[in-house]
Amino acid sequence: MADAIRTDSLTKSFADFEAVIDVSLRVEANEIYGFLGPNGAGKTTTIMMLLGLERPTRGVAYLLDSPSHAREFAVRRRLGVLGERQVFFDDMTAREYLRFFGRLYSVDRIEHRIDALLERVNLTHAADARARDFSRGMQQKLGLVRALLHDPELLILDEPVSALDPRGVVEVRELLHSELGRGKTVLISSHVLTEVEQLADRIGIMNKGRLMVEDTLDNIRQALQPEARIQIELAEPDRFPTAALLDLDFVSRTELRDGRLSVHLMGVASPAARADVSRAISQHGGVIVNMHAEQMTLEQAFVTITDEDVERLAA
Amino acid sequence: MGFDRRLGKGRLRAAWLVCQRDLRGLLFSPGTYLVVLLAGLAAHLFLNTLAQSIADSGLAVLSGAFNLPIYSVLFVTGLFLALASVTSISREREQGTLEVLFYGPIDVAAYIGGKLVSFGLAYLGLLALYLVCYALFAGSTGFAFAVPTWAVIGLSIPVVMHVVALGTFVSTATRRVRASLAWFLLILLVLLALQFSPDLLELAPVGNRFYPPLRLARIVLERINLAFTWVSPFALLIKGTEAVRRADALLYVYTAAISSCSVLVLAAGSMYLMWKGGVRS
């Protein structure tokens with residue numbers, strides 16, 4: 001499948017400071033890509049270069065197979081962007097603001113599209129209110145509606161849920177999943193790691209201008225923590241032959257302590273691995289009361305990867 | 001490589017949308033109404049003085065009744081639009097709306113073009129408003145527009161656009177509203193100083209034998225002024241009104257053409273600066 005975004009050795013220097021260094025990332029079509037990094041890691045500069053709003057010092061970025069710096073109008077129409085900061089034109093209502101962008105993007109049946117999207121994010125009631133007076137959460141939703149207005153193939157979203165309440169987060173999550181279902185591609189840059197963990201198919205983590213890692217979360221976990229552990233509560237733990245689980249080729253060892261069975265896995269505790277363990281326990285007469293996978297969260301992976309020691313290793 | 005018709009159409013669409021948005025912004029701006037009020041007061045002051053003098057002596061002291069009122073109104077309006085242009089891009093850059101706009105199908109040519117057209121249309125709109133008011137006044141008093149007044153009104157369009165394009169250029173070159181205003185005022189002061197300082201120095205009691213430094217300064221300023229004659233909107237305006245006074249059609253057209261060319265050069269410079277400097281603050 002063609003890449004929706006590709007960068008080759010993208011580098012940006014400001015005077016004697018290198019904000020982005022040799023970043024080569026790849027976002028496949030029809031995936032949600034989590035773009036992470038601490039403040040000042042170079043994410044925003046990278047995004048600006050992707051959008052053709054900053055010129056790279058070196059390297060090249062391609063958006064939908066077109067070089068970003070060309071800023072082709074036809075490509076812009078296939079791209080939806082939500083910036084980190086939501087800003088609105090003076091005195092325009094939400095509807096007027098969206099109408100302006102709808103006309104800029106040559107959207108057919110603008111009013112119908114505006115109504116449908118505002119309803120989708122529960123903003124219908126505020127359609128004719130001045131956008132600048134909205135709460136931060138409402139402004140963020142309105143920005144998302146603007147980004148989706150022309151039904152773009154590729155969405156680049158910078159902190160799309162940072163100002164939203166839990167209900168708003170769910171609405172946006174559902175919206176993004178439905179966009180993915182319609183064949184769209186999404187790049188999300190966010191500090192809300194739990195959200196990215198739930199949404200993203202693949203993740204890229206930047207630190208100090210470099211792309212430290214780019215992979216699926218499971219592969220990142222496996223690389224950082226080669227072992228995962230499943231904690232199992234059994235109905236009759238003492239009668240269960242724990243060694244039987246060693247027949248599974250991904251189980252490295254088992255431990256029974258205080259009535260709890262710990263199964264150590266080589267690799268990640270993926271749903272498939274958990275299902276195999278569960279099946280094996282049942283086959284040997286065990287009854288599972290509770291099962292809990294202990295593995296590295298995205299937050300832990302993020303902290304580990306952005307740690308300086310690991311950075312040196314990765315470099 | 002031929003002309004990309006779709007790109008041209010997209011660019012026109014984007015420019016027209018920017019233009020409409022900015023016109024709407026000017027329509028909702030209190031500054032516009034303040035300018036109309038100030039222009040009205042200035043016109044009232046001049047016309048009232050003229051009417052009073054006619055009532056007192058039965059003589060009109062001025063050759064064209066509408067000259068001074070119209071010139072004052074054009075000056076106030078031109079200054080307002082210049083200040084609006086000088087803050088417009090840096091303000092958008094500062095607020096972040098410029099960046100949001102450039103996420104979409106728009107480029108620097110469409111953006112700068114749209115902005116300049118909006119200021120041009122705003123000036124024409126205000127001019128039309130003033131002319132309607134003056135026409136009503138003329139109808140009720142019997143005063144008439146002289147041909148030179150029309151000529152100056154016509155010349156004011158490229159000259160005001162010249163100042164607006166200069167404002168746009170400064171706004172593009174700077175990142176903050178304050179910096180834009182400071183630079184613009186500095187440029188205007190320098191141009192004014194260059195325009196009038198040789199005349200002021202001429203008033204000083206300069207003797208060839210006793211004050212060679214002042215004489216030298218005057219000569220230098222005159223030379224610089226000569227160089228700026230074809231760049232400074234003030235110099236062009238003075239040259240144009242002089243052409244009107246002398247009924248010199250060639251100089252008039254030449255002045256208007258130079259002003260128009262300056263608009264194009266400054267617009268191209270603004271586009272280049274924005275392309276090079278980006279849209280972020």
# chains A, B, ... in the order shown; residues from 1 in each chain; ligands from 1
$ interface_residues --of "chain A" --to "chain B" --cutoff "8 Å" --atoms "only C-alpha atoms" --output "ChimeraX atom specification"
/A:51,53-54,71-74,76-77,79-81,83,85,87-90,100,103-105
$ write_last_selection --atoms "N, CA, C and O atoms" --output "PDB file, in the first residue's frame"
ATOM      1  N   LEU A  51       3.720  19.971   6.200  1.00  0.00           N
ATOM      2  CA  LEU A  51       2.678  20.804   5.606  1.00  0.00           C
ATOM      3  C   LEU A  51       3.229  21.815   4.609  1.00  0.00           C
ATOM      4  O   LEU A  51       2.474  22.582   4.015  1.00  0.00           O
ATOM      5  N   LEU A  53       4.993  24.351   5.445  1.00  0.00           N
ATOM      6  CA  LEU A  53       4.987  25.683   6.054  1.00  0.00           C
ATOM      7  C   LEU A  53       6.349  26.062   6.627  1.00  0.00           C
ATOM      8  O   LEU A  53       6.560  27.194   7.042  1.00  0.00           O
ATOM      9  N   GLU A  54       7.233  25.111   6.713  1.00  0.00           N
ATOM     10  CA  GLU A  54       8.642  25.365   7.055  1.00  0.00           C
ATOM     11  C   GLU A  54       9.460  24.670   5.976  1.00  0.00           C
ATOM     12  O   GLU A  54       9.123  23.550   5.586  1.00  0.00           O
ATOM     13  N   ARG A  71       3.474  22.373  -2.264  1.00  0.00           N
ATOM     14  CA  ARG A  71       2.192  22.902  -1.781  1.00  0.00           C
ATOM     15  C   ARG A  71       1.124  22.902  -2.887  1.00  0.00           C
ATOM     16  O   ARG A  71       0.451  23.907  -3.130  1.00  0.00           O
ATOM     17  N   GLU A  72       1.000  21.777  -3.552  1.00  0.00           N
ATOM     18  CA  GLU A  72       0.029  21.701  -4.658  1.00  0.00           C
ATOM     19  C   GLU A  72      -1.390  21.859  -4.121  1.00  0.00           C
ATOM     20  O   GLU A  72      -1.746  21.232  -3.121  1.00  0.00           O
ATOM     21  N   PHE A  73      -2.186  22.679  -4.795  1.00  0.00           N
ATOM     22  CA  PHE A  73      -3.561  22.913  -4.359  1.00  0.00           C
ATOM     23  C   PHE A  73      -4.353  21.604  -4.323  1.00  0.00           C
ATOM     24  O   PHE A  73      -5.149  21.380  -3.419  1.00  0.00           O
ATOM     25  N   ALA A  74      -4.124  20.758  -5.330  1.00  0.00           N
ATOM     26  CA  ALA A  74      -4.882  19.502  -5.417  1.00  0.00           C
ATOM     27  C   ALA A  74      -4.584  18.625  -4.199  1.00  0.00           C
ATOM     28  O   ALA A  74      -5.481  17.947  -3.676  1.00  0.00           O
ATOM     29  N   ARG A  76      -3.524  19.820  -1.217  1.00  0.00           N
ATOM     30  CA  ARG A  76      -4.071  20.530  -0.035  1.00  0.00           C
ATOM     31  C   ARG A  76      -5.542  20.162   0.173  1.00  0.00           C
ATOM     32  O   ARG A  76      -6.013  20.098   1.296  1.00  0.00           O
ATOM     33  N   ARG A  77      -6.253  19.957  -0.948  1.00  0.00           N
ATOM     34  CA  ARG A  77      -7.679  19.646  -0.843  1.00  0.00           C
ATOM     35  C   ARG A  77      -7.906  18.240  -0.298  1.00  0.00           C
ATOM     36  O   ARG A  77      -9.005  17.900   0.114  1.00  0.00           O
ATOM     37  N   LEU A  79      -6.140  17.057   2.192  1.00  0.00           N
ATOM     38  CA  LEU A  79      -5.482  17.070   3.487  1.00  0.00           C
ATOM     39  C   LEU A  79      -6.291  17.886   4.501  1.00  0.00           C
ATOM     40  O   LEU A  79      -6.723  18.992   4.195  1.00  0.00           O
ATOM     41  N   GLY A  80      -6.494  17.329   5.698  1.00  0.00           N
ATOM     42  CA  GLY A  80      -7.178  18.064   6.770  1.00  0.00           C
ATOM     43  C   GLY A  80      -6.219  18.236   7.937  1.00  0.00           C
ATOM     44  O   GLY A  80      -5.574  17.279   8.336  1.00  0.00           O
ATOM     45  N   VAL A  81      -6.145  19.451   8.456  1.00  0.00           N
ATOM     46  CA  VAL A  81      -5.160  19.710   9.512  1.00  0.00           C
ATOM     47  C   VAL A  81      -5.831  20.376  10.710  1.00  0.00           C
ATOM     48  O   VAL A  81      -6.595  21.324  10.554  1.00  0.00           O
ATOM     49  N   GLY A  83      -4.491  22.232  13.983  1.00  0.00           N
ATOM     50  CA  GLY A  83      -3.299  22.737  14.669  1.00  0.00           C
ATOM     51  C   GLY A  83      -3.451  22.632  16.175  1.00  0.00           C
ATOM     52  O   GLY A  83      -4.544  22.383  16.691  1.00  0.00           O
ATOM     53  N   ARG A  85      -3.124  25.060  18.347  1.00  0.00           N
ATOM     54  CA  ARG A  85      -3.827  26.218  18.887  1.00  0.00           C
ATOM     55  C   ARG A  85      -5.020  26.504  17.982  1.00  0.00           C
ATOM     56  O   ARG A  85      -4.871  26.551  16.769  1.00  0.00           O
ATOM     57  N   VAL A  87      -7.565  28.989  16.487  1.00  0.00           N
ATOM     58  CA  VAL A  87      -7.739  30.430  16.292  1.00  0.00           C
ATOM     59  C   VAL A  87      -8.835  30.659  15.253  1.00  0.00           C
ATOM     60  O   VAL A  87      -9.005  29.855  14.345  1.00  0.00           O
ATOM     61  N   PHE A  88      -9.538  31.747  15.444  1.00  0.00           N
ATOM     62  CA  PHE A  88     -10.691  32.009  14.570  1.00  0.00           C
ATOM     63  C   PHE A  88     -10.663  33.451  14.077  1.00  0.00           C
ATOM     64  O   PHE A  88     -10.087  34.319  14.721  1.00  0.00           O
ATOM     65  N   PHE A  89     -11.298  33.661  12.942  1.00  0.00           N
ATOM     66  CA  PHE A  89     -11.332  35.009  12.392  1.00  0.00           C
ATOM     67  C   PHE A  89     -12.274  35.866  13.228  1.00  0.00           C
ATOM     68  O   PHE A  89     -13.294  35.382  13.715  1.00  0.00           O
ATOM     69  N   ASP A  90     -11.912  37.133  13.341  1.00  0.00           N
ATOM     70  CA  ASP A  90     -12.703  38.078  14.148  1.00  0.00           C
ATOM     71  C   ASP A  90     -14.174  38.053  13.764  1.00  0.00           C
ATOM     72  O   ASP A  90     -14.512  38.089  12.591  1.00  0.00           O
ATOM     73  N   PHE A 100     -16.610  29.655   5.251  1.00  0.00           N
ATOM     74  CA  PHE A 100     -15.427  30.231   4.595  1.00  0.00           C
ATOM     75  C   PHE A 100     -14.489  29.114   4.128  1.00  0.00           C
ATOM     76  O   PHE A 100     -14.057  29.078   2.973  1.00  0.00           O
ATOM     77  N   ARG A 103     -15.872  26.947   1.302  1.00  0.00           N
ATOM     78  CA  ARG A 103     -15.732  27.567  -0.023  1.00  0.00           C
ATOM     79  C   ARG A 103     -14.283  27.506  -0.488  1.00  0.00           C
ATOM     80  O   ARG A 103     -14.012  27.315  -1.663  1.00  0.00           O
ATOM     81  N   LEU A 104     -13.356  27.673   0.468  1.00  0.00           N
ATOM     82  CA  LEU A 104     -11.933  27.608   0.101  1.00  0.00           C
ATOM     83  C   LEU A 104     -11.589  26.220  -0.459  1.00  0.00           C
ATOM     84  O   LEU A 104     -10.810  26.091  -1.401  1.00  0.00           O
ATOM     85  N   TYR A 105     -12.193  25.194   0.157  1.00  0.00           N
ATOM     86  CA  TYR A 105     -11.913  23.813  -0.273  1.00  0.00           C
ATOM     87  C   TYR A 105     -12.891  23.323  -1.339  1.00  0.00           C
ATOM     88  O   TYR A 105     -12.897  22.138  -1.656  1.00  0.00           O
TER      89      TYR A 105
END
$ select_by_dssp --residues "segment 5-236 of chain B" --states "helix (DSSP H, G or I)" --output "MDAnalysis selection string"
chainID B and resid 5:28 30:57 67:95 97:102 108:141 147:173 177:203 212:228 233:236
$ residues_around --residues "segment 37-50 of chain A" --least-positions-apart "3" --cutoff "6 Å" --atoms "only C-alpha atoms" --output "list in words"
Ala19, Val20, Leu53, Glu54, Arg55, Ala61, Ser68, Ile205, Met206, Asn207, Lys208 and Gly209 of chain A
$ residues_around --residues "segment 186-198 of chain B" --least-positions-apart "3" --cutoff "10 Å" --atoms "only C-alpha atoms" --output "number ranges by chain"
B: 163, 166-167, 170, 180-183, 201-203, 215, 217-226, 228-229, 231-235, 238
$ atom_distance --atom1 "atom CA of Pro148 of chain B" --atom2 "atom CA of Ala82 of chain B"
24.6 Å
$ atom_distance --atom1 "atom CA of Gln295 of chain A" --atom2 "atom CA of Ala228 of chain A"
5.3 Å
$ residues_around --residues "Arg274 of chain A" --least-positions-apart "4" --cutoff "10 Å" --atoms "only C-alpha atoms" --output "list in words"
Ile230, Leu265, Val268, Ala269, Ser270, Ser278, Arg279, Ala280, Met291, His292 and Ala293 of chain A
$ select_by_dssp --residues "segment 133-310 of chain A" --states "strand (DSSP E)" --output "PyMOL selection string"
chain A and resi 154-158+185-189+202-207+210-215+227-234+251-257+260-266+288-294
$ closest_residue --among "B:Val147, B:Met271, B:Val76, B:Leu200" --to "Gly31 of chain B" --atoms "only C-alpha atoms"
B:Val76
$ atom_distance --atom1 "atom CA of Glu195 of chain A" --atom2 "atom CA of Leu176 of chain A"
11.6 Å
$ residues_around --residues "segment 183-192 of chain A" --least-positions-apart "3" --cutoff "6 Å" --atoms "only C-alpha atoms" --output "compact mmCIF listing (two decimals) with N, CA, C and O atoms, in the first residue's frame"
# COMPACT_ATOMS: atom_id res chain seq x y z
N ALA A 29 -0.92 4.32 4.23
CA ALA A 29 -2.31 4.72 3.96
C ALA A 29 -3.23 3.88 4.84
O ALA A 29 -2.96 2.71 5.11
N ASN A 30 -4.32 4.50 5.29
CA ASN A 30 -5.34 3.85 6.10
C ASN A 30 -4.80 3.29 7.42
O ASN A 30 -5.04 2.15 7.78
N GLU A 31 -4.03 4.09 8.12
CA GLU A 31 -3.64 3.73 9.47
C GLU A 31 -3.70 4.97 10.37
O GLU A 31 -3.73 6.09 9.87
N ILE A 32 -3.74 4.73 11.66
CA ILE A 32 -3.63 5.85 12.60
C ILE A 32 -2.22 5.79 13.17
O ILE A 32 -1.79 4.76 13.72
N TYR A 33 -1.50 6.86 12.97
CA TYR A 33 -0.09 6.91 13.36
C TYR A 33 0.04 7.87 14.53
O TYR A 33 -0.34 9.04 14.44
N GLY A 34 0.53 7.41 15.65
CA GLY A 34 0.74 8.26 16.82
C GLY A 34 2.12 8.89 16.76
O GLY A 34 3.11 8.17 16.69
N PHE A 35 2.18 10.18 16.76
CA PHE A 35 3.45 10.89 16.65
C PHE A 35 3.73 11.54 18.00
O PHE A 35 3.08 12.51 18.37
N LEU A 36 4.68 10.97 18.72
CA LEU A 36 4.87 11.38 20.11
C LEU A 36 6.25 11.97 20.36
O LEU A 36 7.18 11.77 19.57
N GLU A 153 -8.50 12.88 2.69
CA GLU A 153 -7.95 11.52 2.73
C GLU A 153 -6.99 11.36 3.89
O GLU A 153 -6.83 10.28 4.46
N LEU A 154 -6.28 12.43 4.19
CA LEU A 154 -5.25 12.39 5.22
C LEU A 154 -5.52 13.47 6.25
O LEU A 154 -5.71 14.64 5.90
N LEU A 155 -5.53 13.05 7.52
CA LEU A 155 -5.75 14.01 8.61
C LEU A 155 -4.47 14.14 9.43
O LEU A 155 -3.89 13.12 9.84
N ILE A 156 -4.05 15.36 9.67
CA ILE A 156 -2.91 15.59 10.55
C ILE A 156 -3.44 16.37 11.75
O ILE A 156 -3.89 17.51 11.60
N LEU A 157 -3.43 15.73 12.91
CA LEU A 157 -4.07 16.33 14.08
C LEU A 157 -3.05 16.54 15.19
O LEU A 157 -2.42 15.59 15.65
N ASP A 158 -2.90 17.78 15.60
CA ASP A 158 -1.98 18.10 16.68
C ASP A 158 -2.79 18.30 17.95
O ASP A 158 -3.59 19.23 18.04
N GLU A 159 -2.63 17.43 18.91
CA GLU A 159 -3.35 17.48 20.18
C GLU A 159 -4.87 17.58 19.98
O GLU A 159 -5.49 18.56 20.42
N GLU A 179 -13.53 7.42 10.55
CA GLU A 179 -12.75 7.91 9.40
C GLU A 179 -11.79 6.83 8.92
O GLU A 179 -11.60 6.64 7.72
N LEU A 180 -11.20 6.12 9.87
CA LEU A 180 -10.29 5.02 9.51
C LEU A 180 -11.05 3.95 8.74
O LEU A 180 -10.57 3.41 7.74
N GLU A 195 -4.74 7.93 25.15
CA GLU A 195 -5.59 8.07 23.98
C GLU A 195 -4.88 7.51 22.74
O GLU A 195 -5.47 6.77 21.94
$ residues_around --residues "Gly102 of chain A" --least-positions-apart "6" --cutoff "9 Å" --atoms "only C-alpha atoms" --output "number ranges by chain"
A: 108, 110-111, 113-114, 146, 149-150
$ write_last_selection --atoms "N, CA and C atoms" --output "JSON list (two decimals), in the first residue's frame"
[["chain", "number", "residue", "atom", "x", "y", "z"],
["A", 108, "ASP", "N", -18.90, 20.66, -1.82],
["A", 108, "ASP", "CA", -20.27, 20.65, -2.37],
["A", 108, "ASP", "C", -21.27, 20.62, -1.21],
["A", 110, "ILE", "N", -22.30, 22.74, 1.03],
["A", 110, "ILE", "CA", -21.59, 23.16, 2.25],
["A", 110, "ILE", "C", -22.48, 23.11, 3.49],
["A", 111, "GLU", "N", -23.67, 23.71, 3.36],
["A", 111, "GLU", "CA", -24.53, 23.83, 4.55],
["A", 111, "GLU", "C", -24.88, 22.45, 5.12],
["A", 113, "ARG", "N", -23.17, 19.70, 4.82],
["A", 113, "ARG", "CA", -21.96, 19.12, 5.40],
["A", 113, "ARG", "C", -21.67, 19.74, 6.78],
["A", 114, "ILE", "N", -21.83, 21.06, 6.86],
["A", 114, "ILE", "CA", -21.59, 21.76, 8.13],
["A", 114, "ILE", "C", -22.55, 21.24, 9.19],
["A", 146, "ARG", "N", -13.59, 21.72, 11.06],
["A", 146, "ARG", "CA", -12.96, 22.41, 9.92],
["A", 146, "ARG", "C", -12.01, 21.47, 9.18],
["A", 149, "LEU", "N", -14.10, 18.98, 7.17],
["A", 149, "LEU", "CA", -15.16, 19.56, 6.33],
["A", 149, "LEU", "C", -15.13, 19.08, 4.88],
["A", 150, "HIS", "N", -13.94, 18.99, 4.31],
["A", 150, "HIS", "CA", -13.83, 18.66, 2.89],
["A", 150, "HIS", "C", -13.54, 17.17, 2.68]]
